[in-house]
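**Student:** Handing you a structure now.
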Amino acid sequence: MRPDFGTDGRLPSALSMGTADVAFHLATGGNPVPLAFTFGFEGRAPTLDSVRARVAERVHHVPALRYRIARDRRKFRRVDRIAVDRHVHEAWLPEDTDGSATSRLMLSRPMSTDDRPPWDVWLVHGPADRHTLVYRTDHTFQDGMGAAYTARALLGDHPEGGPAPQRPARPTAHGLADALGEVMAAFRAPTPKPAFDGDFTGRVDVCHADTPLARLRAIARAHGGTVTDVYLAALSHAVRTWYLKDTGSAHPPLPVSIPMSVRAPGEEYAPGNRMVTARLLLPCDEESPQRALARVVAGTGRLRESRRRDAMRLLLSASPRALGATVGTRLVRGAFVAGPVSSVNFGTALVHQGVAARRSAVFAGVASGIRCVTTLTSQHDTACLTVVHDEALATADELPDLWLAALLELERP
């Protein structure tokens with residue numbers, strides 16, 4: 001049985017790392033992988049003392065913030081006293097007009113590897129009348145959806161308005177067959193991904209693009225898809241255009257990894273990664289963005305109808321942890337997929353000390369041979385595309401603008 005992660009203080013002294021947590025641990029050699037959730041605000045910034053006071057008020061009521069990683073034992077161990085001043089920090093980036101400098105800071109700043117819980121909060125002062133609040137953790141310890149719940153509970157004026165947890169369902173036979181096929185494929189020869197194969201520098205850059213969420217919803221309605229479908233189809237066309245401009249040739253279908261939450265009701269604030277992945281081919285070989293969207297809709301439709309999320313969850317939970325973790329590392333390595341393409345709907349805007357955030361963005365560093373990580377973060381009425389890429393992909397900062405251009409094409413009748 002899973003332990004009770006309520007707010008009555010009765011938390012287990014230790015928890016075993018789950019399969020996905022061990023997979024991250026193996027893929028990164030035990031090194032932290034920063035996972036940041038940023039919230040951009042306009043108006044007068046709060047004081048560092050007031051942010052620390054909010055964190056001190058909330059921290060002992062959020063179970064995920066009460067554990068540290070015991071990597072040598074592959075466990076999470078409870079920490080009873082939290083020194084808030086060692087977790088909440090301040091920075092000044094007055095030239096950061098688009099949030100990219102803040103994002104780079106969050107991915108480059110070393111994370112704590114001592115006996116503290118692996119999270120911190122940053123108050124970043126940007127240009128005049130702009131500031132950013134950041135919740136940052138180690139991806140070995142928490143997935144993006146877990147970070148969304150935790151950030152709202154820790155920093156928001158109200159805990160309501162977040163994403164709904166995932167209720168488990170029985171997978172279909174097709175779903176189990178597809179999941180098994182995906183696992184077997186992960187142990188075969190690498191998949192060619194010419195735009196994303198090659199050397200690494202170990203240094204990353206980050207770029208963003210914002211667009212109204214209503215715009216993505218309108219395109220989705222017009223084509224019988226979802227916001228995620230539109231995001232992926234536009235990304236597919238952006239990669240096609242980017243590669244074609246550089247090489248003069250079309251890119252083959254691009255294998256990507258789609259993270260899917262399996263965080264069930266009652267597990268919102270539990271530590272660990274409660275997620276699985278599914279492999280999808282983005283139709284970068286398709287000249288028309290409309291036809292690319294139709295192919296994406298068909299692919300994600302099969303994932304939903306076959307309940308691939310539940311099939312992969314069942315498959316990994318039925319395997320010994322060491323075996324499941326090994327499989328997990330194969331499914332997200334750079335030889336098998338170009339990288340994760342996440343979609344996180346944060347829900348209503350985060351309100352901190354009476355002020356609503358104008359946008360949010362969640363993103364993580366690169367690992368396991370991955371050279372590019374892409375995320376679409378939705379909050380209230382704004383969607384933010386984030387591209388994290390190794391500096392070896394020197395022109396990857398063009399992808400957000402190319403993604404916006406693909407949306408324009410999708411809006412044409």
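Within each chain, counting starts at residue 1; across the structure tokens, chains are named A, B, ... in the order shown, with ligands numbered 1 upward in that order.
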Excluding A:Cys372 and its own-chain neighbours fewer than 5 positions away, which residues fall within 12 Å of it when counting only C-alpha atoms? Please give them as a PDB file with N, CA, C and O atoms, in the first residue's frame.
**Tutor:**
ATOM      1  N   LYS A 193      18.307  10.369 -36.458  1.00  0.00           N
ATOM      2  CA  LYS A 193      17.664  11.661 -36.170  1.00  0.00           C
ATOM      3  C   LYS A 193      18.669  12.740 -36.559  1.00  0.00           C
ATOM      4  O   LYS A 193      19.276  13.375 -35.683  1.00  0.00           O
ATOM      5  N   ALA A 195      18.958  15.780 -37.401  1.00  0.00           N
ATOM      6  CA  ALA A 195      18.988  17.125 -36.828  1.00  0.00           C
ATOM      7  C   ALA A 195      19.430  17.128 -35.373  1.00  0.00           C
ATOM      8  O   ALA A 195      19.886  18.162 -34.861  1.00  0.00           O
ATOM      9  N   PHE A 196      19.332  15.976 -34.706  1.00  0.00           N
ATOM     10  CA  PHE A 196      19.596  15.939 -33.262  1.00  0.00           C
ATOM     11  C   PHE A 196      20.682  14.940 -32.874  1.00  0.00           C
ATOM     12  O   PHE A 196      20.915  14.727 -31.684  1.00  0.00           O
ATOM     13  N   ASP A 197      21.313  14.317 -33.834  1.00  0.00           N
ATOM     14  CA  ASP A 197      22.430  13.418 -33.546  1.00  0.00           C
ATOM     15  C   ASP A 197      23.735  14.208 -33.609  1.00  0.00           C
ATOM     16  O   ASP A 197      23.835  15.203 -34.326  1.00  0.00           O
ATOM     17  N   GLY A 198      24.737  13.765 -32.879  1.00  0.00           N
ATOM     18  CA  GLY A 198      26.029  14.440 -32.943  1.00  0.00           C
ATOM     19  C   GLY A 198      26.644  14.651 -31.580  1.00  0.00           C
ATOM     20  O   GLY A 198      26.249  14.037 -30.586  1.00  0.00           O
ATOM     21  N   PHE A 200      28.158  16.659 -28.101  1.00  0.00           N
ATOM     22  CA  PHE A 200      27.580  17.452 -27.028  1.00  0.00           C
ATOM     23  C   PHE A 200      28.646  18.368 -26.441  1.00  0.00           C
ATOM     24  O   PHE A 200      29.812  18.013 -26.388  1.00  0.00           O
ATOM     25  N   GLY A 202      27.748  19.838 -23.327  1.00  0.00           N
ATOM     26  CA  GLY A 202      27.432  19.823 -21.905  1.00  0.00           C
ATOM     27  C   GLY A 202      26.878  21.140 -21.405  1.00  0.00           C
ATOM     28  O   GLY A 202      26.474  21.251 -20.245  1.00  0.00           O
ATOM     29  N   ARG A 203      26.860  22.154 -22.261  1.00  0.00           N
ATOM     30  CA  ARG A 203      26.289  23.460 -21.910  1.00  0.00           C
ATOM     31  C   ARG A 203      24.975  23.634 -22.654  1.00  0.00           C
ATOM     32  O   ARG A 203      24.860  23.230 -23.811  1.00  0.00           O
ATOM     33  N   VAL A 204      24.002  24.263 -22.006  1.00  0.00           N
ATOM     34  CA  VAL A 204      22.687  24.401 -22.621  1.00  0.00           C
ATOM     35  C   VAL A 204      22.291  25.858 -22.767  1.00  0.00           C
ATOM     36  O   VAL A 204      22.783  26.739 -22.057  1.00  0.00           O
ATOM     37  N   ASP A 205      21.403  26.098 -23.718  1.00  0.00           N
ATOM     38  CA  ASP A 205      20.760  27.393 -23.873  1.00  0.00           C
ATOM     39  C   ASP A 205      19.252  27.164 -23.780  1.00  0.00           C
ATOM     40  O   ASP A 205      18.771  26.038 -23.952  1.00  0.00           O
ATOM     41  N   VAL A 206      18.515  28.227 -23.510  1.00  0.00           N
ATOM     42  CA  VAL A 206      17.062  28.147 -23.334  1.00  0.00           C
ATOM     43  C   VAL A 206      16.404  29.298 -24.087  1.00  0.00           C
ATOM     44  O   VAL A 206      16.893  30.434 -24.055  1.00  0.00           O
ATOM     45  N   CYS A 207      15.317  29.006 -24.778  1.00  0.00           N
ATOM     46  CA  CYS A 207      14.553  30.064 -25.451  1.00  0.00           C
ATOM     47  C   CYS A 207      13.062  29.772 -25.286  1.00  0.00           C
ATOM     48  O   CYS A 207      12.651  28.621 -25.129  1.00  0.00           O
ATOM     49  N   VAL A 239      10.677  21.917 -36.971  1.00  0.00           N
ATOM     50  CA  VAL A 239      11.901  21.125 -37.153  1.00  0.00           C
ATOM     51  C   VAL A 239      12.154  20.895 -38.645  1.00  0.00           C
ATOM     52  O   VAL A 239      13.299  20.978 -39.121  1.00  0.00           O
ATOM     53  N   VAL A 256      10.122  11.035 -30.784  1.00  0.00           N
ATOM     54  CA  VAL A 256      10.177  11.816 -29.549  1.00  0.00           C
ATOM     55  C   VAL A 256       9.522  11.009 -28.429  1.00  0.00           C
ATOM     56  O   VAL A 256       8.796  10.049 -28.661  1.00  0.00           O
ATOM     57  N   SER A 257       9.796  11.432 -27.213  1.00  0.00           N
ATOM     58  CA  SER A 257       9.236  10.781 -26.028  1.00  0.00           C
ATOM     59  C   SER A 257       8.213  11.701 -25.385  1.00  0.00           C
ATOM     60  O   SER A 257       8.522  12.863 -25.099  1.00  0.00           O
ATOM     61  N   VAL A 332      14.297   6.642 -23.015  1.00  0.00           N
ATOM     62  CA  VAL A 332      14.499   8.093 -23.111  1.00  0.00           C
ATOM     63  C   VAL A 332      15.931   8.457 -23.476  1.00  0.00           C
ATOM     64  O   VAL A 332      16.320   9.611 -23.371  1.00  0.00           O
ATOM     65  N   ARG A 333      16.737   7.526 -23.918  1.00  0.00           N
ATOM     66  CA  ARG A 333      18.119   7.855 -24.288  1.00  0.00           C
ATOM     67  C   ARG A 333      18.153   8.506 -25.663  1.00  0.00           C
ATOM     68  O   ARG A 333      17.268   8.327 -26.499  1.00  0.00           O
ATOM     69  N   GLY A 334      19.218   9.265 -25.894  1.00  0.00           N
ATOM     70  CA  GLY A 334      19.342  10.021 -27.126  1.00  0.00           C
ATOM     71  C   GLY A 334      19.461   9.184 -28.376  1.00  0.00           C
ATOM     72  O   GLY A 334      19.184   9.672 -29.473  1.00  0.00           O
ATOM     73  N   VAL A 337      15.339   8.371 -28.980  1.00  0.00           N
ATOM     74  CA  VAL A 337      14.434   9.493 -29.251  1.00  0.00           C
ATOM     75  C   VAL A 337      15.254  10.781 -29.328  1.00  0.00           C
ATOM     76  O   VAL A 337      16.335  10.888 -28.759  1.00  0.00           O
ATOM     77  N   ALA A 338      14.694  11.762 -30.040  1.00  0.00           N
ATOM     78  CA  ALA A 338      15.363  13.059 -30.116  1.00  0.00           C
ATOM     79  C   ALA A 338      15.303  13.781 -28.779  1.00  0.00           C
ATOM     80  O   ALA A 338      16.190  14.561 -28.439  1.00  0.00           O
ATOM     81  N   GLY A 339      14.262  13.518 -28.007  1.00  0.00           N
ATOM     82  CA  GLY A 339      14.130  14.151 -26.704  1.00  0.00           C
ATOM     83  C   GLY A 339      12.684  14.136 -26.240  1.00  0.00           C
ATOM     84  O   GLY A 339      11.774  13.807 -27.004  1.00  0.00           O
ATOM     85  N   PRO A 340      12.455  14.504 -24.973  1.00  0.00           N
ATOM     86  CA  PRO A 340      11.087  14.600 -24.459  1.00  0.00           C
ATOM     87  C   PRO A 340      10.369  15.810 -25.041  1.00  0.00           C
ATOM     88  O   PRO A 340      10.970  16.868 -25.261  1.00  0.00           O
ATOM     89  N   VAL A 341       9.072  15.664 -25.282  1.00  0.00           N
ATOM     90  CA  VAL A 341       8.212  16.778 -25.701  1.00  0.00           C
ATOM     91  C   VAL A 341       7.029  16.803 -24.722  1.00  0.00           C
ATOM     92  O   VAL A 341       6.037  16.121 -24.902  1.00  0.00           O
ATOM     93  N   SER A 342       7.166  17.596 -23.688  1.00  0.00           N
ATOM     94  CA  SER A 342       6.186  17.615 -22.602  1.00  0.00           C
ATOM     95  C   SER A 342       5.112  18.658 -22.846  1.00  0.00           C
ATOM     96  O   SER A 342       5.347  19.675 -23.502  1.00  0.00           O
ATOM     97  N   PHE A 363      10.590  23.431 -17.298  1.00  0.00           N
ATOM     98  CA  PHE A 363      11.593  22.876 -18.197  1.00  0.00           C
ATOM     99  C   PHE A 363      12.677  22.190 -17.367  1.00  0.00           C
ATOM    100  O   PHE A 363      12.808  22.418 -16.161  1.00  0.00           O
ATOM    101  N   ALA A 364      13.430  21.331 -18.032  1.00  0.00           N
ATOM    102  CA  ALA A 364      14.476  20.564 -17.352  1.00  0.00           C
ATOM    103  C   ALA A 364      15.749  20.581 -18.178  1.00  0.00           C
ATOM    104  O   ALA A 364      15.742  20.923 -19.375  1.00  0.00           O
ATOM    105  N   GLY A 365      16.849  20.198 -17.549  1.00  0.00           N
ATOM    106  CA  GLY A 365      18.114  20.077 -18.248  1.00  0.00           C
ATOM    107  C   GLY A 365      18.146  18.833 -19.120  1.00  0.00           C
ATOM    108  O   GLY A 365      17.216  18.023 -19.127  1.00  0.00           O
ATOM    109  N   VAL A 366      19.219  18.683 -19.879  1.00  0.00           N
ATOM    110  CA  VAL A 366      19.371  17.545 -20.779  1.00  0.00           C
ATOM    111  C   VAL A 366      20.244  16.481 -20.112  1.00  0.00           C
ATOM    112  O   VAL A 366      21.095  16.786 -19.279  1.00  0.00           O
ATOM    113  N   ALA A 367      20.005  15.217 -20.480  1.00  0.00           N
ATOM    114  CA  ALA A 367      20.759  14.098 -19.918  1.00  0.00           C
ATOM    115  C   ALA A 367      20.616  12.898 -20.840  1.00  0.00           C
ATOM    116  O   ALA A 367      19.795  12.902 -21.769  1.00  0.00           O
ATOM    117  N   THR A 386       8.907  26.258 -24.558  1.00  0.00           N
ATOM    118  CA  THR A 386      10.283  26.360 -24.079  1.00  0.00           C
ATOM    119  C   THR A 386      11.125  25.308 -24.771  1.00  0.00           C
ATOM    120  O   THR A 386      10.751  24.130 -24.814  1.00  0.00           O
ATOM    121  N   VAL A 387      12.268  25.730 -25.302  1.00  0.00           N
ATOM    122  CA  VAL A 387      13.220  24.819 -25.928  1.00  0.00           C
ATOM    123  C   VAL A 387      14.535  24.906 -25.158  1.00  0.00           C
ATOM    124  O   VAL A 387      15.144  25.978 -25.078  1.00  0.00           O
ATOM    125  N   VAL A 388      14.936  23.794 -24.576  1.00  0.00           N
ATOM    126  CA  VAL A 388      16.236  23.677 -23.915  1.00  0.00           C
ATOM    127  C   VAL A 388      17.115  22.830 -24.827  1.00  0.00           C
ATOM    128  O   VAL A 388      16.733  21.712 -25.181  1.00  0.00           O
ATOM    129  N   HIS A 389      18.264  23.356 -25.203  1.00  0.00           N
ATOM    130  CA  HIS A 389      19.088  22.608 -26.158  1.00  0.00           C
ATOM    131  C   HIS A 389      20.570  22.744 -25.836  1.00  0.00           C
ATOM    132  O   HIS A 389      21.014  23.763 -25.282  1.00  0.00           O
ATOM    133  N   ASP A 390      21.314  21.716 -26.167  1.00  0.00           N
ATOM    134  CA  ASP A 390      22.757  21.776 -26.043  1.00  0.00           C
ATOM    135  C   ASP A 390      23.288  22.842 -27.001  1.00  0.00           C
ATOM    136  O   ASP A 390      22.767  23.021 -28.101  1.00  0.00           O
ATOM    137  N   GLU A 391      24.343  23.539 -26.582  1.00  0.00           N
ATOM    138  CA  GLU A 391      24.885  24.610 -27.411  1.00  0.00           C
ATOM    139  C   GLU A 391      25.453  24.099 -28.726  1.00  0.00           C
ATOM    140  O   GLU A 391      25.686  24.888 -29.652  1.00  0.00           O
ATOM    141  N   ALA A 392      25.675  22.789 -28.829  1.00  0.00           N
ATOM    142  CA  ALA A 392      26.116  22.222 -30.105  1.00  0.00           C
ATOM    143  C   ALA A 392      25.072  22.425 -31.195  1.00  0.00           C
ATOM    144  O   ALA A 392      25.416  22.508 -32.378  1.00  0.00           O
ATOM    145  N   LEU A 393      23.810  22.522 -30.811  1.00  0.00           N
ATOM    146  CA  LEU A 393      22.738  22.852 -31.762  1.00  0.00           C
ATOM    147  C   LEU A 393      22.671  24.379 -31.845  1.00  0.00           C
ATOM    148  O   LEU A 393      21.776  25.020 -31.286  1.00  0.00           O
ATOM    149  N   ALA A 394      23.624  24.941 -32.568  1.00  0.00           N
ATOM    150  CA  ALA A 394      23.865  26.385 -32.507  1.00  0.00           C
ATOM    151  C   ALA A 394      22.676  27.226 -32.945  1.00  0.00           C
ATOM    152  O   ALA A 394      22.488  28.350 -32.467  1.00  0.00           O
ATOM    153  N   THR A 395      21.863  26.709 -33.866  1.00  0.00           N
ATOM    154  CA  THR A 395      20.739  27.509 -34.383  1.00  0.00           C
ATOM    155  C   THR A 395      19.385  27.055 -33.844  1.00  0.00           C
ATOM    156  O   THR A 395      18.344  27.465 -34.363  1.00  0.00           O
ATOM    157  N   ALA A 396      19.381  26.228 -32.807  1.00  0.00           N
ATOM    158  CA  ALA A 396      18.106  25.731 -32.269  1.00  0.00           C
ATOM    159  C   ALA A 396      17.265  26.833 -31.647  1.00  0.00           C
ATOM    160  O   ALA A 396      16.064  26.644 -31.431  1.00  0.00           O
ATOM    161  N   ASP A 397      17.887  27.999 -31.386  1.00  0.00           N
ATOM    162  CA  ASP A 397      17.095  29.110 -30.861  1.00  0.00           C
ATOM    163  C   ASP A 397      16.132  29.669 -31.902  1.00  0.00           C
ATOM    164  O   ASP A 397      15.290  30.522 -31.593  1.00  0.00           O
ATOM    165  N   LEU A 399      13.949  27.717 -33.335  1.00  0.00           N
ATOM    166  CA  LEU A 399      12.759  26.857 -33.293  1.00  0.00           C
ATOM    167  C   LEU A 399      11.513  27.542 -32.733  1.00  0.00           C
ATOM    168  O   LEU A 399      10.415  27.343 -33.284  1.00  0.00           O
TER     169      LEU A 399
END
**Student:** Hey, which bits of stretch 196-296 of chain A sit within 12 Å of stretch 146-158 of chain A, and for each residue what's the closest pair of atoms and how far apart in Å (one decimal), counting only C-alpha atoms, rows by chain and increasing number, as CSV?
**Tutor:**
residue,atom,partner,partner_atom,distance
A:Met260,CA,A:Gly146,CA,11.8
A:Ser261,CA,A:Gly146,CA,8.9
A:Val262,CA,A:Gly146,CA,10.3
A:Arg263,CA,A:Gly146,CA,7.8
A:Ala264,CA,A:Gly146,CA,10.8
A:Pro265,CA,A:Tyr149,CA,11.8
A:Gly266,CA,A:Tyr149,CA,11.5
A:Glu267,CA,A:Gly146,CA,8.7
A:Glu268,CA,A:Tyr149,CA,6.1
A:Tyr269,CA,A:Thr150,CA,6.3
A:Ala270,CA,A:Gly146,CA,7.5
A:Pro271,CA,A:Gly146,CA,7.7
A:Gly272,CA,A:Gly146,CA,8.1
A:Asn273,CA,A:Gly146,CA,7.6
A:Arg274,CA,A:Gly146,CA,7.9
A:Met275,CA,A:Gly146,CA,9.6
**Student:** Using only C-alpha atoms, which protein or nucleic acid residues come within 8 Å of stretch 314-322 of chain A? Drop anything in the same chain fewer than 6 positions from it, and give the result as a compact mmCIF listing (two decimals) with all heavy atoms, in the first residue's frame.
**Tutor:**
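The result, stored in around_1.txt:
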# COMPACT_ATOMS: atom_id res chain seq x y z
N GLY A 18 11.12 5.04 -6.70
CA GLY A 18 10.36 4.28 -7.67
C GLY A 18 11.17 3.95 -8.90
O GLY A 18 12.32 4.37 -9.05
N THR A 19 10.55 3.20 -9.80
CA THR A 19 11.24 2.78 -11.01
C THR A 19 11.73 3.97 -11.82
O THR A 19 12.89 3.99 -12.27
CB THR A 19 10.30 1.92 -11.87
OG1 THR A 19 9.94 0.74 -11.13
CG2 THR A 19 10.98 1.50 -13.16
N VAL A 22 14.77 5.70 -10.15
CA VAL A 22 16.02 4.96 -10.35
C VAL A 22 16.50 5.11 -11.78
O VAL A 22 17.70 5.20 -12.05
CB VAL A 22 15.84 3.48 -9.97
CG1 VAL A 22 17.12 2.69 -10.24
CG2 VAL A 22 15.45 3.34 -8.49
N LEU A 176 -1.23 -2.77 -24.44
CA LEU A 176 -0.16 -3.63 -23.91
C LEU A 176 0.77 -4.09 -25.03
O LEU A 176 1.99 -4.10 -24.88
CB LEU A 176 -0.76 -4.83 -23.19
CG LEU A 176 -1.39 -4.53 -21.82
CD1 LEU A 176 -2.17 -5.74 -21.32
CD2 LEU A 176 -0.31 -4.13 -20.82
N ALA A 179 2.94 -1.16 -26.03
CA ALA A 179 3.95 -0.87 -25.01
C ALA A 179 5.08 -1.89 -25.06
O ALA A 179 6.27 -1.53 -24.96
CB ALA A 179 3.30 -0.86 -23.62
**Student:** Measuring atom to atom with only C-alpha atoms, identify which of A:Gly324, A:Gly30, A:Gly181, A:Pro159 is nearest to A:Val62.
**Tutor:**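 Under the stated criterion, the closest residue is A:Pro159.
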**Student:** Identify, with DSSP run on backbone atoms, the residues in stretch 11-150 of chain A assigned to helix (DSSP H, G or I), and express the list as a short mmCIF file (atom, residue, chain, number, x, y, z; two decimals) with N, CA and C atoms, in the first residue's frame.
**Tutor:**
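Dumped to out_29.cif:
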data_model
loop_
_atom_site.label_atom_id
_atom_site.label_comp_id
_atom_site.auth_asym_id
_atom_site.auth_seq_id
_atom_site.Cartn_x
_atom_site.Cartn_y
_atom_site.Cartn_z
N THR A 19 10.55 3.20 -9.80
CA THR A 19 11.24 2.78 -11.01
C THR A 19 11.73 3.97 -11.82
N ALA A 20 10.88 4.99 -12.02
CA ALA A 20 11.28 6.15 -12.81
C ALA A 20 12.38 6.93 -12.12
N ASP A 21 12.35 7.00 -10.78
CA ASP A 21 13.40 7.70 -10.05
C ASP A 21 14.76 7.02 -10.24
N VAL A 22 14.77 5.70 -10.15
CA VAL A 22 16.02 4.96 -10.35
C VAL A 22 16.50 5.11 -11.78
N ALA A 23 15.55 5.16 -12.73
CA ALA A 23 15.94 5.36 -14.13
C ALA A 23 16.66 6.69 -14.31
N PHE A 24 16.13 7.76 -13.71
CA PHE A 24 16.81 9.05 -13.76
C PHE A 24 18.19 8.95 -13.11
N HIS A 25 18.25 8.29 -11.96
CA HIS A 25 19.51 8.13 -11.23
C HIS A 25 20.55 7.43 -12.11
N LEU A 26 20.14 6.37 -12.80
CA LEU A 26 21.06 5.63 -13.65
C LEU A 26 21.46 6.46 -14.88
N ALA A 27 20.48 7.13 -15.48
CA ALA A 27 20.74 7.87 -16.72
C ALA A 27 21.69 9.04 -16.50
N LEU A 48 12.40 39.55 -0.35
CA LEU A 48 12.92 38.22 -0.08
C LEU A 48 12.37 37.70 1.25
N ASP A 49 12.28 38.58 2.25
CA ASP A 49 11.77 38.15 3.56
C ASP A 49 10.33 37.66 3.46
N SER A 50 9.51 38.33 2.63
CA SER A 50 8.11 37.91 2.52
C SER A 50 8.00 36.57 1.80
N VAL A 51 8.84 36.32 0.80
CA VAL A 51 8.83 35.03 0.12
C VAL A 51 9.29 33.93 1.10
N ARG A 52 10.32 34.22 1.88
CA ARG A 52 10.77 33.24 2.87
C ARG A 52 9.69 32.97 3.91
N ALA A 53 8.94 34.00 4.27
CA ALA A 53 7.85 33.80 5.24
C ALA A 53 6.77 32.90 4.66
N ARG A 54 6.43 33.08 3.37
CA ARG A 54 5.44 32.22 2.73
C ARG A 54 5.94 30.77 2.70
N VAL A 55 7.20 30.57 2.33
CA VAL A 55 7.75 29.22 2.27
C VAL A 55 7.76 28.59 3.66
N ALA A 56 8.17 29.35 4.67
CA ALA A 56 8.21 28.82 6.04
C ALA A 56 6.82 28.42 6.51
N GLU A 57 5.81 29.18 6.10
CA GLU A 57 4.42 28.89 6.49
C GLU A 57 3.91 27.60 5.85
N ARG A 58 4.35 27.31 4.63
CA ARG A 58 3.78 26.21 3.85
C ARG A 58 4.61 24.93 3.86
N VAL A 59 5.92 25.04 4.02
CA VAL A 59 6.81 23.93 3.69
C VAL A 59 6.49 22.64 4.45
N HIS A 60 6.12 22.74 5.71
CA HIS A 60 5.89 21.53 6.50
C HIS A 60 4.54 20.88 6.20
N HIS A 61 3.75 21.51 5.33
CA HIS A 61 2.46 20.93 4.93
C HIS A 61 2.51 20.29 3.55
N PRO A 63 4.32 17.32 1.71
CA PRO A 63 5.19 16.16 1.93
C PRO A 63 6.40 16.08 1.02
N ALA A 64 6.25 16.42 -0.27
CA ALA A 64 7.38 16.28 -1.20
C ALA A 64 8.57 17.13 -0.80
N LEU A 65 8.33 18.21 -0.06
CA LEU A 65 9.42 19.11 0.33
C LEU A 65 10.14 18.63 1.57
N ARG A 66 9.69 17.54 2.16
CA ARG A 66 10.23 17.06 3.44
C ARG A 66 11.20 15.90 3.28
N VAL A 84 14.81 27.42 6.03
CA VAL A 84 14.24 28.11 4.88
C VAL A 84 15.24 29.05 4.22
N ASP A 85 16.07 29.73 5.01
CA ASP A 85 17.01 30.68 4.42
C ASP A 85 18.05 30.00 3.54
N ARG A 86 18.23 28.69 3.68
CA ARG A 86 19.16 27.96 2.82
C ARG A 86 18.48 27.44 1.55
N SER A 100 14.72 34.23 -20.69
CA SER A 100 15.70 33.21 -21.05
C SER A 100 16.91 33.24 -20.13
N ALA A 101 17.32 34.42 -19.68
CA ALA A 101 18.48 34.49 -18.77
C ALA A 101 18.15 33.85 -17.43
N THR A 102 16.94 34.07 -16.94
CA THR A 102 16.51 33.41 -15.70
C THR A 102 16.52 31.89 -15.89
N SER A 103 16.03 31.43 -17.03
CA SER A 103 15.99 29.99 -17.30
C SER A 103 17.40 29.41 -17.36
N ARG A 104 18.32 30.11 -18.01
CA ARG A 104 19.70 29.62 -18.07
C ARG A 104 20.31 29.56 -16.68
N LEU A 105 20.02 30.56 -15.85
CA LEU A 105 20.54 30.56 -14.49
C LEU A 105 20.03 29.34 -13.72
N MET A 106 18.76 29.01 -13.88
CA MET A 106 18.19 27.90 -13.14
C MET A 106 18.78 26.55 -13.57
N LEU A 107 19.19 26.44 -14.84
CA LEU A 107 19.76 25.18 -15.32
C LEU A 107 21.27 25.10 -15.08
N SER A 108 21.93 26.24 -14.91
CA SER A 108 23.39 26.23 -14.74
C SER A 108 23.82 26.32 -13.28
N GLY A 144 7.38 16.85 -13.68
CA GLY A 144 6.81 18.16 -13.93
C GLY A 144 5.44 18.36 -13.31
N MET A 145 4.58 17.34 -13.33
CA MET A 145 3.25 17.48 -12.75
C MET A 145 3.34 17.57 -11.23
N GLY A 146 4.25 16.79 -10.63
CA GLY A 146 4.46 16.91 -9.20
C GLY A 146 4.97 18.29 -8.83
N ALA A 147 5.86 18.84 -9.67
CA ALA A 147 6.36 20.19 -9.43
C ALA A 147 5.24 21.22 -9.53
N ALA A 148 4.28 21.00 -10.43
CA ALA A 148 3.15 21.92 -10.57
C ALA A 148 2.32 21.95 -9.29
N TYR A 149 2.00 20.78 -8.76
CA TYR A 149 1.24 20.73 -7.50
C TYR A 149 2.02 21.38 -6.36
N THR A 150 3.32 21.06 -6.28
CA THR A 150 4.14 21.56 -5.18
C THR A 150 4.31 23.07 -5.25
#
**Student:** Counting only C-alpha atoms, what is within 7 Å of stretch 232-236 of chain A, bar same-chain residues fewer than 5 positions away, as a PyMOL selection string?
**Tutor:** chain A and resi 282-284+289+292-293+296+403+406-407
**Student:** So what do you get for atom CA of A:Asp96 versus atom CA of A:His131, distance-wise?
**Tutor:**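 These two atoms are separated by 9.6 Å.
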**Student:** As a VMD selection string, please: the residues near stretch 213-224 of chain A (cut-off 10 Å, only C-alpha atoms, same-chain neighbours under 5 positions excluded).
**Tutor:** chain A and resid 229 to 231 290 293 to 294 297 377 to 384 407 to 408 410 to 413
**Student:** Keeping only C-alpha atoms, take the residues you just selected and write them out as an mmCIF file, in the first residue's frame.
**Tutor:**
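As written to disk, part25.cif reads:
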data_model
loop_
_atom_site.group_PDB
_atom_site.id
_atom_site.type_symbol
_atom_site.label_atom_id
_atom_site.label_comp_id
_atom_site.auth_asym_id
_atom_site.auth_seq_id
_atom_site.Cartn_x
_atom_site.Cartn_y
_atom_site.Cartn_z
ATOM 1 C CA ASP A 229 -1.766 17.895 -30.951
ATOM 2 C CA VAL A 230 -1.415 21.451 -32.267
ATOM 3 C CA TYR A 231 1.762 21.976 -30.235
ATOM 4 C CA GLN A 290 -2.306 20.606 -41.885
ATOM 5 C CA LEU A 293 -1.522 17.792 -37.724
ATOM 6 C CA ALA A 294 -3.816 15.082 -39.096
ATOM 7 C CA VAL A 297 -4.033 13.549 -34.210
ATOM 8 C CA THR A 377 3.285 25.090 -20.431
ATOM 9 C CA SER A 378 -0.266 26.442 -20.267
ATOM 10 C CA GLN A 379 -1.478 28.785 -17.538
ATOM 11 C CA HIS A 380 -4.860 30.547 -17.594
ATOM 12 C CA ASP A 381 -4.876 32.228 -21.040
ATOM 13 C CA THR A 382 -1.191 31.941 -22.052
ATOM 14 C CA ALA A 383 0.831 29.066 -23.490
ATOM 15 C CA CYS A 384 4.624 29.156 -23.362
ATOM 16 C CA LEU A 407 0.814 28.113 -36.065
ATOM 17 C CA LEU A 408 0.127 30.880 -38.570
ATOM 18 C CA LEU A 410 -2.305 26.102 -39.383
ATOM 19 C CA GLU A 411 -4.684 29.040 -38.940
ATOM 20 C CA ARG A 412 -5.025 29.515 -42.695
ATOM 21 C CA PRO A 413 -8.214 28.024 -44.230
#
**Student:** Any idea what's packed within 7 Å of A:His174, counting only C-alpha atoms, ignoring anything in its chain fewer than 3 positions away? Could you give it as an MDAnalysis selection string?
**Tutor:** chainID A and resid 177:178 306
**Student:** Please report, as a ChimeraX atom specification, each residue of stretch 141-347 of chain A to which DSSP assigns strand (DSSP E) when run on this structure's backbone.
**Tutor:** /A:204-212,254-261,275-282,341-347
